[in-house]
Amino acid sequence: MAKTLYEKVWDSHVVVAPEGEAPIIYVDRHLVHEVTSPQAFSGLEVAGRRLRAAGKTFATMDHNTSTTSASLEALSPMARTQVETLERNCKEFGVRLYDIHHKNQGIVHVMGPELGITLPGTVIVCGDSHTATHGAFGALAFGIGTSEVEHVMATQTLRQLKAKTMKIEVRGHVASGITAKDIVLAIIGKIGMDGGTGYVVEFCGEAIEALTMEGRMTVCNMAIEMGAKAGMIAPDATTAEYLKGREFAPKGANWEQALAAWQELKTDADAVFDASVVLDAKDIAPQLTWGTNPGQVVAIDQLVPNPADETNSTVKTSIESALQYVDLTAGTLMTDVSINKVFIGSCTNSRIEDLRAAAVHAKGRKVAAGVKAIVVPGSGLVKEQAEAEGLDKIFLEAGFEWRLPGCSMCLAMNDDKLEAGDRCASTSNRNFEGRQGRGSRTHLVSPAMAAAAAVAGHFVDIRKPY
Ligand SMILES: CC(C)[C@H](C(=O)O)[C@@H](O)C(=O)O
Ligand code: SF4
């Protein structure tokens with residue numbers, strides 16, 4: 001029977017599927033961070049269990065870490081406890097950990113792929129919703145809850161119901177300057193923040209195939225923001241090229257074998273999806289969110305929407321309440337919206353290519369008066385690479401701050417928080433009320449759009465001179 005990519009990966013991981021019960025699937029890689037692992041480790045401790053496959057478990061510190069100092073002293077008491085607990089647990093249970101002094105430390109979804117831990121056709125889980133990111137390699141990757149984290153630690157398996165399948169095809173090619181972030185925001189704008197609920201989504205089409213691995217990760221990262229369980233992209237030459245030679249990627253004869261196996265990892269021509277969505281790449285303009293969910297998004301040359309134009313009363317009410325929270329007036333041109341904070345970072349957009357794209361707009365310019373802008377590389381390796389290319393100097397000369405790797409201002413769990421009333425151009429993935437700090441307003445954009453907003457002091461259409 002013809003199968004989709006998801007069905008192929010799923011079928012090859014089912015350990016047992018008892019009649020009338022959720023199947024148990026095998027987990028190839030378990031990624032761990034400090035926020036969602038403490039109870040799982042203590043559950044094991046209480047039960048006197050060890051990890052079933054400690055060698056398939058990789059831990060890093062990211063959510064709570066400081067981006068200004070690689071020292072435990074810099075952390076708040078709660079953050080310090082979480083970081084130290086992870087350190088203790090990893091030592092006790094024999095889990096490899098990239099701590100704040102290790103060059104591989106970084107946001108879990110940046111660290112995994114760049115070390116070759118993320119591989120096509122594998123099942124990858126992590127106690128974190130943006131695990132979807134790893135689907136960019138043709139892995140089935142999704143976030144799990146803390147009790148599931150414990151289950152995976154103890155058994156290297158997970159009880160899971162099979163999801164429905166959705167195909168999201170982006171046909172043709174995007175215009176110059178349009179990035180993966182614009183593509184995924186346009187998709188969410190079209191299907192809504194819950195358009196993918198119950199589905200594993202496969203992104204395909206020429207515009208997706210043309211993306212680099214960094215771009216594909218940006219797209220899959222936000223699969224969860226359309227409600228999907230996971231996002232996947234079939235592996236191809238770009239995937240292999242990216243993985244070749246990475247620390248945990250297969251080597252020698254194993255590499256050749258892996259390449260041959262990856263050839264099979266694509267949806268069969270006559271496979272049937274439960275749902276399909278099509279977008280035309282040429283219609284995608286630079287995107288930015290205006291509201292309080294990622295589906296409340298427009299193109300840069302559009303206006304803040306008017307609830308009066310809306311006939312559906314639920315949608316109308318949600319526009320009204322979002323406008324009130326973000327303090328914007330219907331009908332305002334998005335290019336007239338000023339910002340006072342800029343955050344370039346997060347597991348959506350903190351990879352080398354993202355920093356290069358932002359640097360193009362920072363180069364030879366200055367951050368506008370009254371704007372504070374920070375650039376937070378996704379990992380130690382990204383930081384090292386960016387510095388080797390001189391990107392840090394470009395940012396610093398333009399007046400951006402250059403920070404240490406971590407989740408940073410994406411979720412305000414550390415010192416990097418917005419103040420109430422701040423308006424931020426952010427390359428992250430969530431713009432819920434208070435996400436970046438109580439009373440703060442977030443506009444999700446691409447790295448290029450964020451850097452351009454930093455120097456202009458307001459959003460700009462990066463397709464034109466500004
Ligand atoms: C802290 C963690 C559980 C959370 C997630 O699961 O996504 C965080 O990464 C986020 O982005 O909100
Ligand atoms: S960068 Fe943001 S979205 Fe990604 S894992 Fe960290 S907090 Fe979650």
# chains A, B, ... in the order shown; residues from 1 in each chain; ligands from 1
call {"tool": "residues_near_ligand", "arguments": {"ligand": "ligand 2", "cutoff": "7 Å", "atoms": "only C-alpha atoms and all ligand atoms", "output": "ChimeraX atom specification"}}
result
/A:62-63,107-109,128,130,346-348,407,410-411,428-429
call {"tool": "select_by_dssp", "arguments": {"residues": "range 103-314 of chain A", "states": "helix (DSSP H, G or I)", "output": "VMD selection string"}}
result
chain A and resid 108 to 114 129 to 137 146 to 155 180 to 191 206 to 209 213 to 226 237 to 243 252 to 262 281 to 283 307 to 309 313 to 314
call {"tool": "select_by_dssp", "arguments": {"residues": "range 204-402 of chain A", "states": "strand (DSSP E or B)", "output": "PyMOL selection string"}}
result
chain A and resi 204+230-232+275-280+287-289+297-299+303+333+338+341-344+372-375+379+401-402
call {"tool": "residues_around", "arguments": {"residues": "Asp327 in chain A", "least_positions_apart": "2", "cutoff": "10 Å", "atoms": "only C-alpha atoms", "output": "list of chain:residue names"}}
result
A:Trp290, A:Gly291, A:Ser321, A:Ala322, A:Leu323, A:Gln324, A:Tyr325, A:Thr329, A:Ala330, A:Gly421, A:Arg423, A:Arg441
call {"tool": "write_last_selection", "arguments": {"atoms": "C-alpha atoms", "output": "CSV table (one decimal), in the first residue's frame"}}
result
chain,number,residue,atom,x,y,z
A,290,TRP,CA,-0.2,42.1,14.4
A,291,GLY,CA,-2.1,40.2,17.2
A,321,SER,CA,-9.5,41.8,22.1
A,322,ALA,CA,-6.1,41.3,20.4
A,323,LEU,CA,-6.2,44.9,19.2
A,324,GLN,CA,-6.8,46.1,22.7
A,325,TYR,CA,-3.9,44.1,24.1
A,329,THR,CA,-5.8,50.9,15.8
A,330,ALA,CA,-7.5,49.1,13.0
A,421,GLY,CA,4.1,48.3,27.2
A,423,ARG,CA,6.6,46.5,21.5
A,441,ARG,CA,3.6,43.0,22.8
call {"tool": "residues_around", "arguments": {"residues": "Glu389 in chain A", "least_positions_apart": "3", "cutoff": "12 Å", "atoms": "only C-alpha atoms", "output": "compact mmCIF listing (two decimals) with N, CA and C atoms, in the first residue's frame"}}
result
# COMPACT_ATOMS: atom_id res chain seq x y z
N ILE A 352 22.97 30.08 11.91
CA ILE A 352 23.94 30.94 11.24
C ILE A 352 23.31 31.73 10.09
N GLU A 353 22.47 31.04 9.32
CA GLU A 353 21.86 31.71 8.17
C GLU A 353 20.95 32.87 8.61
N LEU A 355 21.38 34.68 11.30
CA LEU A 355 22.23 35.80 11.75
C LEU A 355 22.84 36.51 10.54
N ARG A 356 23.18 35.73 9.52
CA ARG A 356 23.71 36.36 8.29
C ARG A 356 22.65 37.27 7.67
N ALA A 359 22.35 40.38 9.65
CA ALA A 359 23.55 41.21 9.55
C ALA A 359 23.54 42.06 8.26
N VAL A 382 27.00 28.05 16.81
CA VAL A 382 26.52 29.14 15.95
C VAL A 382 27.29 30.43 16.30
N LYS A 383 27.47 30.63 17.59
CA LYS A 383 28.16 31.85 18.04
C LYS A 383 29.60 31.87 17.49
N GLU A 384 30.26 30.73 17.61
CA GLU A 384 31.64 30.61 17.14
C GLU A 384 31.73 30.90 15.63
N GLN A 385 30.81 30.27 14.89
CA GLN A 385 30.79 30.46 13.43
C GLN A 385 30.52 31.93 13.07
N ALA A 386 29.55 32.52 13.75
CA ALA A 386 29.18 33.91 13.46
C ALA A 386 30.38 34.83 13.74
N ASP A 392 29.42 39.26 14.60
CA ASP A 392 29.31 39.92 15.91
C ASP A 392 29.74 41.38 15.80
N LYS A 393 30.80 41.63 15.03
CA LYS A 393 31.31 43.02 14.90
C LYS A 393 30.28 43.89 14.18
N ILE A 394 29.69 43.32 13.14
CA ILE A 394 28.67 44.08 12.39
C ILE A 394 27.54 44.49 13.34
N PHE A 395 27.08 43.53 14.15
CA PHE A 395 25.98 43.83 15.07
C PHE A 395 26.41 44.85 16.12
call {"tool": "residues_around", "arguments": {"residues": "Lys464 in chain A", "least_positions_apart": "4", "cutoff": "12 Å", "atoms": "only C-alpha atoms", "output": "list in words"}}
result
Ser176, Gly177, Ala285, Pro286, Ile300, Asp301, Thr335, Met449, Ala452 and Val460 of chain A
call {"tool": "closest_residue", "arguments": {"among": "A:Ala154, A:Ile124, A:Ile144, A:Val375", "to": "ligand 1", "atoms": "only C-alpha atoms and all ligand atoms"}}
result
A:Ile144
call {"tool": "closest_residue", "arguments": {"among": "A:Val342, A:Leu288, A:Val337, A:Leu404", "to": "Ser446 in chain A", "atoms": "only C-alpha atoms"}}
result
A:Leu288
call {"tool": "residues_around", "arguments": {"residues": "Val152 in chain A", "least_positions_apart": "3", "cutoff": "10 Å", "atoms": "only C-alpha atoms", "output": "list of chain:residue names"}}
result
A:Tyr26, A:Val27, A:Arg29, A:His30, A:Ala40, A:Leu51, A:Arg52, A:Ala53, A:Thr57, A:Val125, A:Cys126, A:Ile144, A:Thr146, A:Ser147, A:Glu148, A:Val149, A:Thr155, A:Gln156, A:Thr157, A:Leu158, A:Arg159
call {"tool": "write_last_selection", "arguments": {"atoms": "N, CA and C atoms", "output": "short mmCIF file (atom, residue, chain, number, x, y, z; two decimals), in the first residue's frame"}}
result
data_model
loop_
_atom_site.label_atom_id
_atom_site.label_comp_id
_atom_site.auth_asym_id
_atom_site.auth_seq_id
_atom_site.Cartn_x
_atom_site.Cartn_y
_atom_site.Cartn_z
N TYR A 26 9.00 2.96 19.24
CA TYR A 26 10.39 3.06 19.69
C TYR A 26 10.89 4.49 19.50
N VAL A 27 11.69 4.94 20.41
CA VAL A 27 12.25 6.29 20.35
C VAL A 27 13.76 6.18 20.09
N ARG A 29 15.94 8.92 19.66
CA ARG A 29 16.69 9.97 20.33
C ARG A 29 15.80 10.70 21.32
N HIS A 30 16.33 10.92 22.50
CA HIS A 30 15.59 11.67 23.52
C HIS A 30 16.42 12.89 23.91
N ALA A 40 10.88 13.89 36.00
CA ALA A 40 11.09 12.60 35.35
C ALA A 40 12.27 11.87 35.98
N LEU A 51 18.21 4.64 33.19
CA LEU A 51 17.76 4.92 31.83
C LEU A 51 17.93 3.67 30.97
N ARG A 52 16.95 3.39 30.13
CA ARG A 52 17.02 2.22 29.26
C ARG A 52 18.16 2.38 28.25
N ALA A 53 18.34 3.60 27.75
CA ALA A 53 19.38 3.81 26.73
C ALA A 53 19.99 5.21 26.92
N THR A 57 20.26 9.53 24.78
CA THR A 57 19.69 10.68 25.48
C THR A 57 20.74 11.80 25.51
N VAL A 125 12.04 12.63 20.45
CA VAL A 125 11.13 13.31 21.36
C VAL A 125 11.92 14.16 22.34
N CYS A 126 11.19 15.11 22.93
CA CYS A 126 11.79 15.99 23.93
C CYS A 126 10.63 16.60 24.71
N ILE A 144 6.75 16.03 24.19
CA ILE A 144 6.03 15.14 25.10
C ILE A 144 5.96 15.77 26.49
N THR A 146 5.96 15.71 30.84
CA THR A 146 6.97 15.24 31.80
C THR A 146 6.81 13.77 32.17
N SER A 147 5.55 13.28 32.30
CA SER A 147 5.41 11.85 32.65
C SER A 147 5.85 10.98 31.48
N GLU A 148 5.66 11.48 30.26
CA GLU A 148 6.15 10.74 29.09
C GLU A 148 7.69 10.76 29.04
N VAL A 149 8.27 11.87 29.48
CA VAL A 149 9.73 11.96 29.53
C VAL A 149 10.26 10.82 30.40
N THR A 155 12.09 3.31 29.35
CA THR A 155 11.82 2.22 28.39
C THR A 155 12.32 2.47 26.97
N GLN A 156 12.68 3.72 26.66
CA GLN A 156 13.06 4.12 25.29
C GLN A 156 11.89 3.92 24.32
N THR A 157 10.68 3.88 24.85
CA THR A 157 9.48 3.77 24.02
C THR A 157 8.44 4.76 24.52
N LEU A 158 7.38 4.88 23.74
CA LEU A 158 6.32 5.82 24.08
C LEU A 158 4.99 5.28 23.59
N ARG A 159 3.95 5.48 24.39
CA ARG A 159 2.61 5.10 23.95
C ARG A 159 2.04 6.27 23.14
#
call {"tool": "atom_distance", "arguments": {"atom1": "CA of Lys417 in chain A", "atom2": "CA of Arg430 in chain A"}}
result
14.1 Å
call {"tool": "closest_residue", "arguments": {"among": "A:Thr197, A:Ser379, A:Asn431, A:Thr239", "to": "Gly112 in chain A", "atoms": "only C-alpha atoms"}}
result
A:Ser379
call {"tool": "residues_around", "arguments": {"residues": "range 263-266 of chain A", "least_positions_apart": "2", "cutoff": "12 Å", "atoms": "only C-alpha atoms", "output": "PyMOL selection string"}}
result
chain A and resi 2-10+12+119-122+137-140+202-204+232-237+239-240+256-261+268-271
call {"tool": "closest_residue", "arguments": {"among": "A:Val278, A:Ala450, A:Leu86, A:Met413", "to": "ligand 1", "atoms": "only C-alpha atoms and all ligand atoms"}}
result
A:Met413
call {"tool": "closest_residue", "arguments": {"among": "A:Gly43, A:Pro447, A:Pro294, A:Gly331", "to": "Ile374 in chain A", "atoms": "only C-alpha atoms"}}
result
A:Pro447
call {"tool": "decode", "arguments": {"residues": "range 64-103 of chain A", "atoms": "C-alpha atoms", "output": "tab-separated table (two decimals), in the first residue's frame"}}
result
chain	number	residue	atom	x	y	z
A	64	ASN	CA	16.95	29.41	32.16
A	65	THR	CA	20.51	30.23	31.30
A	66	SER	CA	21.86	33.75	31.34
A	67	THR	CA	22.79	35.31	28.00
A	68	THR	CA	25.13	37.81	29.62
A	69	SER	CA	27.28	35.58	31.82
A	70	ALA	CA	28.34	31.93	31.64
A	71	SER	CA	28.27	31.68	35.39
A	72	LEU	CA	25.89	30.04	37.82
A	73	GLU	CA	26.19	33.13	40.01
A	74	ALA	CA	24.34	35.12	37.33
A	75	LEU	CA	21.20	32.99	37.70
A	76	SER	CA	18.15	33.62	39.85
A	77	PRO	CA	17.77	31.06	42.66
A	78	MET	CA	15.06	29.13	40.78
A	79	ALA	CA	17.00	29.04	37.50
A	80	ARG	CA	20.12	28.00	39.34
A	81	THR	CA	18.31	25.14	41.05
A	82	GLN	CA	17.00	23.83	37.72
A	83	VAL	CA	20.38	24.06	36.03
A	84	GLU	CA	22.19	22.43	38.96
A	85	THR	CA	19.54	19.71	39.21
A	86	LEU	CA	20.03	18.84	35.55
A	87	GLU	CA	23.76	18.69	36.11
A	88	ARG	CA	23.36	16.35	39.09
A	89	ASN	CA	20.81	14.14	37.33
A	90	CYS	CA	22.90	13.78	34.20
A	91	LYS	CA	25.92	12.79	36.27
A	92	GLU	CA	23.94	10.29	38.30
A	93	PHE	CA	22.13	8.70	35.35
A	94	GLY	CA	25.02	8.80	32.89
A	95	VAL	CA	23.45	11.24	30.42
A	96	ARG	CA	25.64	13.35	28.14
A	97	LEU	CA	25.13	17.00	29.05
A	98	TYR	CA	26.20	20.20	27.34
A	99	ASP	CA	26.38	22.58	30.29
A	100	ILE	CA	26.87	26.33	30.20
A	101	HIS	CA	30.62	25.95	29.85
A	102	HIS	CA	30.49	23.53	26.92
A	103	LYS	CA	30.89	24.81	23.35
